[in-house]
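Colleague: So that you have it, the file is start19.cif, and it contains mmCIF, C-alpha atoms and all ligand atoms:
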data_work
loop_
_atom_site.label_atom_id
_atom_site.label_comp_id
_atom_site.auth_asym_id
_atom_site.auth_seq_id
_atom_site.Cartn_x
_atom_site.Cartn_y
_atom_site.Cartn_z
CA MET A 31 23.79 1.40 -10.48
CA ILE A 32 22.19 3.42 -13.26
CA ALA A 33 22.65 6.87 -11.74
CA ASN A 34 24.51 9.22 -14.10
CA LYS A 35 24.24 6.79 -17.02
CA LYS A 36 23.39 8.35 -20.36
CA LEU A 37 20.44 6.65 -22.01
CA VAL A 38 18.84 7.24 -25.39
CA LEU A 39 15.19 6.29 -25.03
CA GLY A 40 13.72 5.56 -28.44
CA ILE A 41 9.94 5.61 -28.77
CA THR A 42 8.27 4.05 -31.79
CA GLY A 43 4.61 4.08 -32.85
CA GLY A 44 2.35 2.03 -30.60
CA ILE A 45 -0.32 2.43 -27.95
CA ALA A 46 2.25 1.48 -25.30
CA ALA A 47 4.04 4.78 -26.00
CA TYR A 48 2.09 6.22 -23.05
CA LYS A 49 4.10 3.93 -20.73
CA ALA A 50 7.29 5.61 -21.95
CA ALA A 51 6.20 8.77 -20.10
CA GLU A 52 6.15 6.91 -16.78
CA LEU A 53 9.45 5.26 -17.64
CA VAL A 54 11.10 8.66 -18.21
CA ARG A 55 9.77 9.83 -14.85
CA LEU A 56 11.30 6.79 -13.12
CA LEU A 57 14.59 7.19 -14.98
CA ILE A 58 14.88 10.87 -14.04
CA LYS A 59 14.11 9.92 -10.42
CA SER A 60 17.01 7.44 -10.64
CA ASN A 61 19.28 10.25 -11.91
CA VAL A 62 19.62 8.80 -15.40
CA ASP A 63 20.47 11.31 -18.13
CA VAL A 64 17.68 10.58 -20.65
CA GLN A 65 17.65 11.75 -24.25
CA VAL A 66 14.35 10.93 -25.94
CA VAL A 67 14.26 10.19 -29.67
CA MET A 68 10.87 9.56 -31.28
CA THR A 69 9.76 8.27 -34.65
CA GLU A 70 7.13 10.22 -36.62
CA ALA A 71 4.67 7.42 -35.81
CA ALA A 72 5.37 7.70 -32.06
CA CYS A 73 4.26 11.37 -32.21
CA GLN A 74 0.78 10.12 -33.19
CA PHE A 75 0.51 8.39 -29.80
CA ILE A 76 2.26 10.75 -27.37
CA THR A 77 3.50 14.28 -27.89
CA PRO A 78 7.17 15.31 -27.94
CA ILE A 79 6.19 18.14 -25.57
CA THR A 80 5.20 15.59 -22.90
CA MET A 81 8.49 13.75 -23.30
CA GLN A 82 10.47 16.99 -23.31
CA ALA A 83 8.77 18.17 -20.11
CA LEU A 84 9.46 14.86 -18.36
CA SER A 85 13.05 14.41 -19.56
CA GLY A 86 13.96 18.10 -19.30
CA LYS A 87 15.49 18.02 -22.81
CA PRO A 88 14.28 18.75 -26.33
CA VAL A 89 13.23 15.59 -28.15
CA PHE A 90 14.86 14.49 -31.43
CA ILE A 91 12.59 13.23 -34.20
CA GLY A 92 13.90 13.96 -37.70
CA MET A 93 17.17 13.17 -39.43
CA TRP A 94 17.70 16.79 -40.38
CA ASP A 95 17.51 18.23 -36.86
CA THR A 96 19.97 21.09 -36.37
CA LYS A 97 20.03 20.89 -32.55
CA VAL A 98 23.29 18.91 -32.62
CA GLY A 99 26.43 21.00 -33.26
CA ASN A 100 27.90 18.93 -36.09
CA GLY A 101 24.54 18.34 -37.76
CA MET A 102 24.89 14.57 -37.33
CA PRO A 103 22.54 13.62 -34.49
CA HIS A 104 22.59 9.92 -35.48
CA ILE A 105 26.33 9.78 -34.70
CA GLU A 106 26.46 12.28 -31.83
CA LEU A 107 23.54 10.79 -29.84
CA SER A 108 24.73 7.19 -30.06
CA ARG A 109 28.36 8.06 -29.22
CA GLU A 110 27.36 9.83 -26.04
CA ALA A 111 25.04 7.04 -24.83
CA ASP A 112 25.85 4.22 -22.39
CA ALA A 113 22.86 2.34 -23.85
CA ILE A 114 19.89 2.74 -26.16
CA LEU A 115 16.49 1.44 -25.07
CA ILE A 116 13.63 1.28 -27.55
CA ALA A 117 10.34 1.24 -25.65
CA PRO A 118 7.93 0.56 -27.17
CA ALA A 119 9.56 -1.27 -30.06
CA SER A 120 6.93 -1.90 -32.74
CA ALA A 121 6.97 -4.98 -34.99
CA ASP A 122 7.93 -2.73 -37.88
CA PHE A 123 10.85 -1.20 -35.98
CA LEU A 124 12.14 -4.63 -34.94
CA ALA A 125 12.05 -5.69 -38.59
CA LYS A 126 14.00 -2.57 -39.51
CA LEU A 127 16.61 -3.24 -36.83
CA THR A 128 16.98 -6.85 -37.96
CA HIS A 129 17.78 -5.78 -41.49
CA GLY A 130 19.97 -2.83 -40.54
CA ARG A 131 17.69 -0.34 -42.24
CA ALA A 132 18.32 3.34 -41.57
CA ASP A 133 15.53 5.46 -42.97
CA ASP A 134 14.80 7.70 -39.98
CA LEU A 135 16.81 9.16 -37.10
CA LEU A 136 16.07 6.40 -34.56
CA SER A 137 16.90 3.47 -36.87
CA THR A 138 19.98 5.30 -38.16
CA LEU A 139 21.37 5.97 -34.70
CA CYS A 140 20.73 2.32 -33.74
CA LEU A 141 22.75 1.23 -36.78
CA ALA A 142 25.49 3.76 -36.00
CA ARG A 143 25.69 2.85 -32.30
CA ASP A 144 28.71 1.57 -30.42
CA CYS A 145 26.78 0.93 -27.19
CA PRO A 146 24.38 -1.84 -26.06
CA LEU A 147 20.85 -1.88 -27.46
CA LEU A 148 17.80 -3.03 -25.50
CA VAL A 149 14.31 -3.33 -26.98
CA ALA A 150 10.90 -3.68 -25.33
CA PRO A 151 8.55 -5.17 -27.94
CA ALA A 152 4.91 -4.04 -27.91
CA MET A 153 2.37 -5.34 -30.40
CA ASN A 154 -0.75 -7.39 -30.98
CA LYS A 155 -0.32 -11.07 -30.08
CA GLN A 156 -0.72 -12.27 -33.69
CA MET A 157 1.96 -9.84 -34.80
CA TRP A 158 4.23 -11.11 -32.00
CA GLU A 159 3.56 -14.77 -32.83
CA ASN A 160 4.02 -14.24 -36.56
CA PRO A 161 7.04 -16.29 -37.75
CA ALA A 162 8.50 -13.14 -39.30
CA THR A 163 8.59 -11.35 -35.92
CA GLN A 164 9.93 -14.46 -34.18
CA ARG A 165 12.67 -14.75 -36.82
CA ASN A 166 13.55 -11.11 -36.23
CA ILE A 167 13.72 -11.61 -32.46
CA THR A 168 16.00 -14.65 -32.89
CA GLN A 169 18.27 -12.66 -35.20
CA LEU A 170 18.34 -9.61 -32.91
CA THR A 171 19.20 -11.83 -29.91
CA ALA A 172 22.01 -13.42 -31.94
CA ASP A 173 23.20 -9.89 -32.78
CA GLY A 174 23.53 -9.14 -29.05
CA VAL A 175 20.37 -7.07 -28.64
CA THR A 176 18.68 -7.51 -25.23
CA ILE A 177 14.95 -8.22 -25.50
CA LEU A 178 12.89 -7.04 -22.50
CA GLY A 179 9.51 -8.83 -22.46
CA PRO A 180 6.96 -8.77 -23.88
CA ASP A 181 4.41 -9.50 -21.20
CA SER A 182 1.20 -11.45 -21.50
CA GLY A 183 -2.23 -10.03 -20.76
CA GLU A 184 -5.10 -7.98 -22.11
CA GLN A 185 -4.13 -5.93 -25.15
CA ALA A 186 -5.32 -2.54 -26.38
CA CYS A 187 -7.17 -4.31 -29.23
CA GLY A 188 -9.11 -6.42 -26.69
CA GLU A 189 -7.28 -9.68 -27.44
CA VAL A 190 -5.42 -11.51 -24.70
CA GLY A 191 -1.91 -12.92 -25.12
CA LEU A 192 1.79 -12.18 -25.43
CA GLY A 193 2.75 -8.81 -26.83
CA ARG A 194 2.05 -6.23 -24.11
CA MET A 195 5.00 -4.01 -23.36
CA LEU A 196 6.47 -4.51 -19.87
CA GLU A 197 5.42 -1.95 -17.28
CA ALA A 198 7.75 1.01 -16.65
CA GLU A 199 9.01 -0.45 -13.33
CA ASP A 200 9.93 -3.72 -15.06
CA LEU A 201 11.79 -1.85 -17.79
CA LEU A 202 13.70 0.07 -15.13
CA ASP A 203 14.55 -3.27 -13.48
CA GLY A 204 15.72 -4.58 -16.85
CA LEU A 205 18.03 -1.58 -17.26
CA ILE A 206 19.40 -1.93 -13.72
CA SER A 207 20.03 -5.60 -14.37
CA HIS A 208 21.78 -4.72 -17.64
CA PHE A 209 24.16 -2.32 -15.87
CA THR A 210 24.85 -4.60 -12.87
CA PRO A 211 28.38 -6.09 -12.96
CA LYS A 212 28.11 -9.88 -13.25
CA SER A 213 30.42 -10.62 -10.31
CA LEU A 214 28.48 -13.77 -9.29
CA THR A 215 28.48 -15.47 -12.70
CA GLY A 216 28.85 -19.22 -12.33
CA LYS A 217 27.79 -19.19 -8.65
CA ARG A 218 24.80 -21.17 -7.41
CA ILE A 219 23.06 -19.53 -4.46
CA LEU A 220 20.42 -20.99 -2.18
CA ILE A 221 18.35 -18.46 -0.25
CA THR A 222 15.61 -18.91 2.34
CA ALA A 223 13.14 -16.08 2.87
CA GLY A 224 9.99 -15.06 4.70
CA ALA A 225 8.31 -16.30 7.85
CA THR A 226 7.51 -19.89 8.73
CA LEU A 227 4.00 -20.93 9.72
CA GLU A 228 3.74 -23.55 12.46
CA MET A 229 0.19 -24.85 12.33
CA ILE A 230 -1.68 -25.22 15.62
CA ASP A 231 -4.87 -26.40 13.95
CA PRO A 232 -6.08 -26.14 10.30
CA VAL A 233 -6.67 -22.37 10.56
CA ARG A 234 -4.28 -21.09 13.23
CA ALA A 235 -0.51 -20.84 13.24
CA ILE A 236 2.53 -19.48 15.08
CA THR A 237 4.39 -17.07 12.82
CA ASN A 238 6.37 -13.81 12.92
CA LEU A 239 6.57 -10.40 11.24
CA SER A 240 9.04 -11.31 8.48
CA SER A 241 7.70 -10.13 5.09
CA GLY A 242 10.24 -11.90 2.85
CA LYS A 243 11.30 -8.56 1.29
CA MET A 244 14.99 -8.89 2.26
CA GLY A 245 15.35 -12.49 1.02
CA TYR A 246 13.49 -11.78 -2.23
CA ALA A 247 15.62 -8.67 -2.83
CA LEU A 248 18.76 -10.76 -2.37
CA ALA A 249 17.45 -13.39 -4.81
CA LYS A 250 16.60 -10.77 -7.43
CA ILE A 251 19.92 -8.92 -7.21
CA ALA A 252 21.88 -12.20 -7.16
CA VAL A 253 20.25 -13.04 -10.53
CA ASP A 254 21.20 -9.59 -11.84
CA MET A 255 24.78 -10.30 -10.73
CA GLY A 256 24.83 -13.48 -12.79
CA ALA A 257 24.13 -16.13 -10.13
CA THR A 258 21.85 -19.17 -10.49
CA VAL A 259 19.39 -18.80 -7.64
CA THR A 260 17.12 -21.19 -5.76
CA LEU A 261 14.72 -19.41 -3.42
CA ILE A 262 13.00 -21.43 -0.69
CA SER A 263 10.22 -19.26 0.60
CA GLY A 264 8.13 -19.43 3.73
CA ALA A 265 4.94 -17.39 4.09
CA THR A 266 5.02 -14.13 2.12
CA ALA A 267 2.73 -11.92 0.05
CA ILE A 268 5.43 -11.52 -2.62
CA SER A 269 4.94 -13.23 -6.01
CA PRO A 270 7.47 -15.84 -7.18
CA LEU A 271 10.46 -14.28 -8.97
CA SER A 272 11.30 -14.78 -12.61
CA ASN A 273 14.64 -16.40 -13.53
CA VAL A 274 14.74 -18.04 -10.10
CA THR A 275 13.86 -21.59 -9.00
CA ASN A 276 11.02 -20.81 -6.57
CA ILE A 277 10.21 -23.42 -3.91
CA SER A 278 7.53 -22.99 -1.28
CA ALA A 279 8.15 -24.44 2.21
CA THR A 280 6.00 -22.86 4.86
CA SER A 281 6.84 -24.76 8.05
CA ALA A 282 10.26 -24.91 9.73
CA ASP A 283 10.34 -28.64 9.11
CA ALA A 284 9.36 -28.33 5.42
CA MET A 285 12.01 -25.62 4.99
CA TYR A 286 14.62 -27.84 6.66
CA GLN A 287 13.80 -30.75 4.31
CA SER A 288 13.79 -28.51 1.25
CA VAL A 289 17.13 -26.87 2.12
CA MET A 290 18.80 -30.22 2.77
CA LYS A 291 17.47 -31.54 -0.55
CA ASN A 292 18.78 -28.55 -2.53
CA VAL A 293 22.00 -27.58 -0.75
CA ALA A 294 24.42 -30.14 -2.23
CA ALA A 295 25.54 -28.29 -5.37
CA GLN A 296 25.35 -24.76 -3.95
CA HIS A 297 28.30 -22.41 -3.60
CA ILE A 298 26.53 -20.01 -1.22
CA PHE A 299 23.69 -20.39 1.30
CA ILE A 300 22.01 -17.22 2.58
CA SER A 301 19.61 -17.97 5.41
CA VAL A 302 17.29 -14.97 5.56
CA ALA A 303 14.09 -16.76 6.60
CA ALA A 304 12.77 -16.06 10.06
CA VAL A 305 12.43 -19.71 11.03
CA ALA A 306 10.30 -20.53 14.06
CA ASP A 307 12.42 -21.79 16.95
CA TYR A 308 9.44 -23.73 18.35
CA THR A 309 6.56 -25.63 16.79
CA PRO A 310 3.47 -27.31 18.32
CA VAL A 311 4.09 -30.89 19.44
CA ASP A 312 0.74 -31.84 17.87
CA SER A 313 -0.91 -30.04 14.97
CA LEU A 314 -4.64 -30.71 15.30
CA THR A 315 -6.63 -31.75 12.26
CA GLN A 316 -9.84 -30.06 13.47
CA LYS A 317 -10.36 -26.49 14.68
CA ILE A 318 -9.93 -25.97 18.40
CA LYS A 319 -13.28 -24.83 19.89
CA LYS A 320 -13.24 -22.24 22.63
CA THR A 321 -16.12 -24.04 24.30
CA ASP A 322 -13.69 -26.92 24.98
CA TYR A 323 -11.84 -24.71 27.49
CA SER A 324 -12.79 -22.71 30.56
CA ALA A 325 -11.24 -20.99 33.57
CA ASP A 326 -11.05 -24.40 35.24
CA LYS A 327 -9.70 -26.07 32.13
CA PRO A 328 -7.21 -23.55 30.60
CA PHE A 329 -5.92 -23.96 27.08
CA SER A 330 -2.22 -24.73 26.81
CA LEU A 331 0.01 -25.43 23.86
CA ASN A 332 2.96 -27.82 24.02
CA LEU A 333 5.89 -26.70 21.88
CA LYS A 334 9.04 -28.48 20.80
CA LYS A 335 12.25 -26.99 19.40
CA THR A 336 12.74 -26.94 15.62
CA LYS A 337 16.00 -27.94 13.93
CA ASP A 338 18.45 -25.12 13.18
CA ILE A 339 18.70 -25.18 9.38
CA LEU A 340 21.62 -22.78 9.11
CA ALA A 341 23.72 -24.42 11.82
CA ASP A 342 23.19 -27.84 10.25
CA VAL A 343 24.11 -26.61 6.75
CA ALA A 344 27.21 -24.83 8.09
CA SER A 345 28.41 -28.06 9.69
CA LEU A 346 27.99 -30.20 6.54
CA PRO A 347 31.30 -31.70 5.33
CA ASN A 348 31.21 -29.71 2.04
CA ALA A 349 29.30 -26.74 3.39
CA PRO A 350 28.66 -23.83 1.03
CA PHE A 351 29.71 -20.31 2.04
CA CYS A 352 27.07 -19.71 4.75
CA VAL A 353 25.56 -16.33 5.52
CA GLY A 354 23.24 -15.87 8.49
CA PHE A 355 20.91 -13.07 9.53
CA ALA A 356 20.53 -11.96 13.12
CA ALA A 357 17.51 -9.82 13.91
CA GLU A 358 17.99 -8.53 17.44
CA SER A 359 16.03 -6.09 19.58
CA GLU A 360 19.02 -5.22 21.82
CA ASN A 361 22.82 -5.67 21.88
CA VAL A 362 22.58 -6.20 18.13
CA ILE A 363 26.29 -6.50 17.27
CA GLU A 364 27.19 -8.52 20.36
CA TYR A 365 24.38 -11.07 19.90
CA ALA A 366 24.97 -11.31 16.15
CA SER A 367 28.72 -11.92 16.70
CA GLN A 368 27.89 -14.67 19.18
CA LYS A 369 25.53 -16.32 16.65
CA ARG A 370 28.21 -16.16 13.95
CA ILE A 371 30.69 -17.98 16.19
CA ALA A 372 28.12 -20.48 17.54
CA LYS A 373 26.93 -21.45 14.04
CA LYS A 374 30.46 -21.31 12.53
CA LEU A 375 29.53 -18.78 9.81
CA PRO A 376 32.02 -16.81 7.74
CA LEU A 377 29.51 -13.94 7.59
CA ILE A 378 26.46 -12.75 9.51
CA VAL A 379 24.19 -9.81 8.75
CA ALA A 380 23.13 -8.01 11.93
CA ASN A 381 20.01 -5.87 11.93
CA GLU A 382 17.67 -4.30 14.42
CA ALA A 383 14.59 -6.55 14.47
CA ILE A 384 11.79 -4.06 14.98
CA SER A 385 12.92 -1.61 12.30
CA ALA A 386 13.86 -4.38 9.84
CA LEU A 387 10.97 -6.84 9.90
CA GLY A 388 8.30 -6.02 7.32
CA ASN A 389 9.76 -2.64 6.30
CA ASN A 390 10.93 -1.62 2.83
CA ASP A 391 14.29 -0.40 4.08
CA ASN A 392 16.87 -1.71 6.48
CA GLN A 393 20.13 -0.82 8.18
CA VAL A 394 22.61 -3.66 8.43
CA THR A 395 26.06 -4.35 9.84
CA LEU A 396 28.06 -7.18 8.29
CA ILE A 397 30.29 -9.17 10.60
CA ASP A 398 33.03 -11.41 9.23
CA ASP A 399 36.59 -12.48 10.15
CA ASN A 400 37.82 -8.97 9.31
CA GLY A 401 35.47 -7.26 11.78
CA THR A 402 32.29 -5.20 11.39
CA HIS A 403 31.18 -3.29 8.31
CA ASN A 404 28.41 -0.72 8.78
CA PHE A 405 26.12 0.14 5.91
CA PRO A 406 23.72 3.09 5.83
CA ARG A 407 19.95 2.64 6.06
CA ALA A 408 18.66 2.07 2.53
CA HIS A 409 15.94 0.33 0.53
CA LYS A 410 16.23 -3.45 0.88
CA THR A 411 17.10 -3.72 -2.84
CA GLU A 412 20.13 -1.51 -2.26
CA VAL A 413 21.02 -3.33 0.98
CA ALA A 414 20.85 -6.64 -0.94
CA ARG A 415 23.26 -5.24 -3.52
CA LEU A 416 25.73 -4.19 -0.78
CA ILE A 417 25.53 -7.58 0.95
CA LEU A 418 26.05 -9.53 -2.29
CA ARG A 419 28.94 -7.31 -3.34
CA HIS A 420 30.54 -7.96 0.04
CA ILE A 421 29.98 -11.72 -0.31
CA ALA A 422 31.59 -11.62 -3.79
CA THR A 423 34.74 -10.11 -2.24
CA LEU A 424 34.95 -12.91 0.36
CA LEU A 425 34.67 -15.89 -2.02
N1 LIG B 1 17.74 -20.08 11.47
C1 LIG B 1 17.62 -21.32 10.87
N2 LIG B 1 16.86 -22.29 11.43
C2 LIG B 1 16.22 -22.08 12.60
C3 LIG B 1 16.34 -20.82 13.23
C4 LIG B 1 17.10 -19.85 12.63
O1 LIG B 1 18.19 -21.52 9.80
N3 LIG B 1 15.49 -23.04 13.12
C5 LIG B 1 18.61 -19.07 10.85
C6 LIG B 1 17.91 -17.83 10.38
O2 LIG B 1 17.53 -17.94 9.03
C7 LIG B 1 18.98 -16.75 10.58
C8 LIG B 1 19.72 -17.23 11.80
O3 LIG B 1 19.51 -18.64 11.85
O4 LIG B 1 19.89 -16.71 9.50
C9 LIG B 1 19.20 -16.61 13.06
O5 LIG B 1 19.84 -17.23 14.11
P1 LIG B 1 19.09 -17.64 15.48
O6 LIG B 1 20.11 -17.77 16.54
O7 LIG B 1 18.29 -18.84 15.28
O8 LIG B 1 18.22 -16.41 15.65
P2 LIG B 1 16.92 -16.34 16.38
O9 LIG B 1 15.96 -17.39 15.94
O10 LIG B 1 16.50 -14.95 16.26
O11 LIG B 1 17.42 -16.75 17.84
P3 LIG B 1 17.01 -16.04 19.15
O12 LIG B 1 15.54 -16.04 19.08
O13 LIG B 1 17.58 -16.90 20.20
O14 LIG B 1 17.67 -14.70 19.08
#
Written as structure tokens, how would this file's structure read?
Modeller:
Amino acid sequence: MIANKKLVLGITGGIAAYKAAELVRLLIKSNVDVQVVMTEAACQFITPITMQALSGKPVFIGMWDTKVGNGMPHIELSREADAILIAPASADFLAKLTHGRADDLLSTLCLARDCPLLVAPAMNKQMWENPATQRNITQLTADGVTILGPDSGEQACGEVGLGRMLEAEDLLDGLISHFTPKSLTGKRILITAGATLEMIDPVRAITNLSSGKMGYALAKIAVDMGATVTLISGATAISPLSNVTNISATSADAMYQSVMKNVAAQHIFISVAAVADYTPVDSLTQKIKKTDYSADKPFSLNLKKTKDILADVASLPNAPFCVGFAAESENVIEYASQKRIAKKLPLIVANEAISALGNNDNQVTLIDDNGTHNFPRAHKTEVARLILRHIATLL
């Protein structure tokens, strides 16, 4: 998505400048062509040598730099760029941008740009909350500048509040999101994710190895692609996602109720959750004691079948476009195709259960009316992108 993009990374004066070093490392790893431009103040916090070593290119600082052939780096650098990201963007630099000032190389090339501008504010919380800064942010947003963050938390000055610059990974996510084509704009997508927990007693449950990574990746990428996303999550260690309606439903029954409550206005339903097929007939309110059982009196658990959420949604009169997942340990394509037909789904994602559940990467085959589509093993974020792109072509 961002590979081979040309990015000008502007660094202004602030403690958070150290995070720009990690950001450059991540960008280079993602094959982004990074040109670093620093203000004089930024050089007080991190050295141009560090940024040059990480980006593999000399850093621009002054207006009168002769490194560019035509002697006009402010024009040359912005013309070549697909985007400019200022990280960290100090309160002073945001004020400059708002007023179109151009008194150093970075502010001049921002004014001379014909590409998108993204800024990652970083400052003390009082500076951030100051009406002047808030006015500037409102104006910059109206001018089409993308504001990434800031985050809340402990600040370099010891105060706690809004104003911390986003972490390098979050800024990379912001850039990826910026460059993602918005092919799902206007679509509402309901996604289930994670494992269900079927309680046996207050502390024990029947569950499975699903981590939620695939469903959460789909939710995140769907947002990047412009969709409005509701994520109904079973048990997972993953934190709720931003820009998503997060709903927790840990049992198969709770997930069923939650899906049925939220499905009406959806265009797409992607059922990624590993929903238990069976649940205890009785969930005990007190812990089962092992002393209650013996060789003569063996413990047994009565299970009943759960409702099939996906099959029921797919058979609704105004069913959304339904996508199922089939995690199989053998005959993957055959079993997945059978599930697609049985549940009347336009699309099913087949994957090998043992290598998919809980892992960071996955290899999937998509099965639809046109046949099978094999995708290479990749990180679940990338797999999510491929699946959603495929869905967008089928709508
Ligand atoms: N699913 C569901 N509700 C259930 C069970 C499964 O919505 N009670 C969904 C899953 O989210 C997934 C698909 O159905 O999208 C999986 O189909 P299924 O035939 O239920 O798979 P398994 O549960 O793996 O079935 P089996 O154990 O028989 O292979």
Colleague: Smallest atom-to-atom distance to ligand LIG 1 (chain B): which of A:Gly224, A:Ala294, A:Ser278, A:Leu416, using all atoms listed in the file?
Modeller: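 Among A:Gly224, A:Ala294, A:Ser278, A:Leu416, it is A:Gly224 that comes nearest to ligand LIG 1 (chain B).
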Colleague: Once you count only C-alpha atoms and all ligand atoms, which residues end up within 6 Å of ligand LIG 1 (chain B), and could you hand them over as a PyMOL selection string?
Modeller: chain A and resi 301-307+336-340+354-357+369
Colleague: Check the smallest atom-to-atom distance from each of A:Leu425, A:Thr77, A:Glu382, A:Ser213 to A:Arg407 using all atoms listed in the file, then report the winner.
Modeller: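 Looking at the shortest contact to A:Arg407, the residue is A:Glu382.
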Colleague: Which one is closest to A:Val89: A:Ser272, A:Gln287, A:Gln316, A:Gln65? Count all atoms listed in the file.
Modeller: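 Selected residue with least distance to A:Val89: A:Gln65.
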Colleague: Name all residues at most 12 Å from A:Ala162 (count only C-alpha atoms; drop same-chain ones fewer than 3 positions away) and give them as a list in words.
Modeller: Ala121, Asp122, Leu124, Ala125, Lys126, Thr128, Gln156, Met157, Trp158, Glu159, Arg165, Asn166, Ile167, Thr168 and Gln169 of chain A
Colleague: Residues as selected, C-alpha atoms, written as an mmCIF file, keeping the file's coordinate frame, can you do that?
Modeller:
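Once everything was written out, this is out_21.cif:
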data_model
loop_
_atom_site.group_PDB
_atom_site.id
_atom_site.type_symbol
_atom_site.label_atom_id
_atom_site.label_comp_id
_atom_site.auth_asym_id
_atom_site.auth_seq_id
_atom_site.Cartn_x
_atom_site.Cartn_y
_atom_site.Cartn_z
ATOM 1 C CA ALA A 121 6.970 -4.980 -34.990
ATOM 2 C CA ASP A 122 7.930 -2.730 -37.880
ATOM 3 C CA LEU A 124 12.140 -4.630 -34.940
ATOM 4 C CA ALA A 125 12.050 -5.690 -38.590
ATOM 5 C CA LYS A 126 14.000 -2.570 -39.510
ATOM 6 C CA THR A 128 16.980 -6.850 -37.960
ATOM 7 C CA GLN A 156 -0.720 -12.270 -33.690
ATOM 8 C CA MET A 157 1.960 -9.840 -34.800
ATOM 9 C CA TRP A 158 4.230 -11.110 -32.000
ATOM 10 C CA GLU A 159 3.560 -14.770 -32.830
ATOM 11 C CA ARG A 165 12.670 -14.750 -36.820
ATOM 12 C CA ASN A 166 13.550 -11.110 -36.230
ATOM 13 C CA ILE A 167 13.720 -11.610 -32.460
ATOM 14 C CA THR A 168 16.000 -14.650 -32.890
ATOM 15 C CA GLN A 169 18.270 -12.660 -35.200
#
Colleague: How many Å separate atom CA of A:Asp283 from atom CA of A:Ala247?
Modeller: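 Calculated distance between atom CA of A:Asp283 and atom CA of A:Ala247 is 23.9 Å.
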Colleague: Nearest residue to A:Pro347 out of A:Val190, A:Val293, A:Leu178, A:Arg370, using all atoms listed in the file?
Modeller: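 For A:Pro347, the nearest of the given residues is A:Val293.
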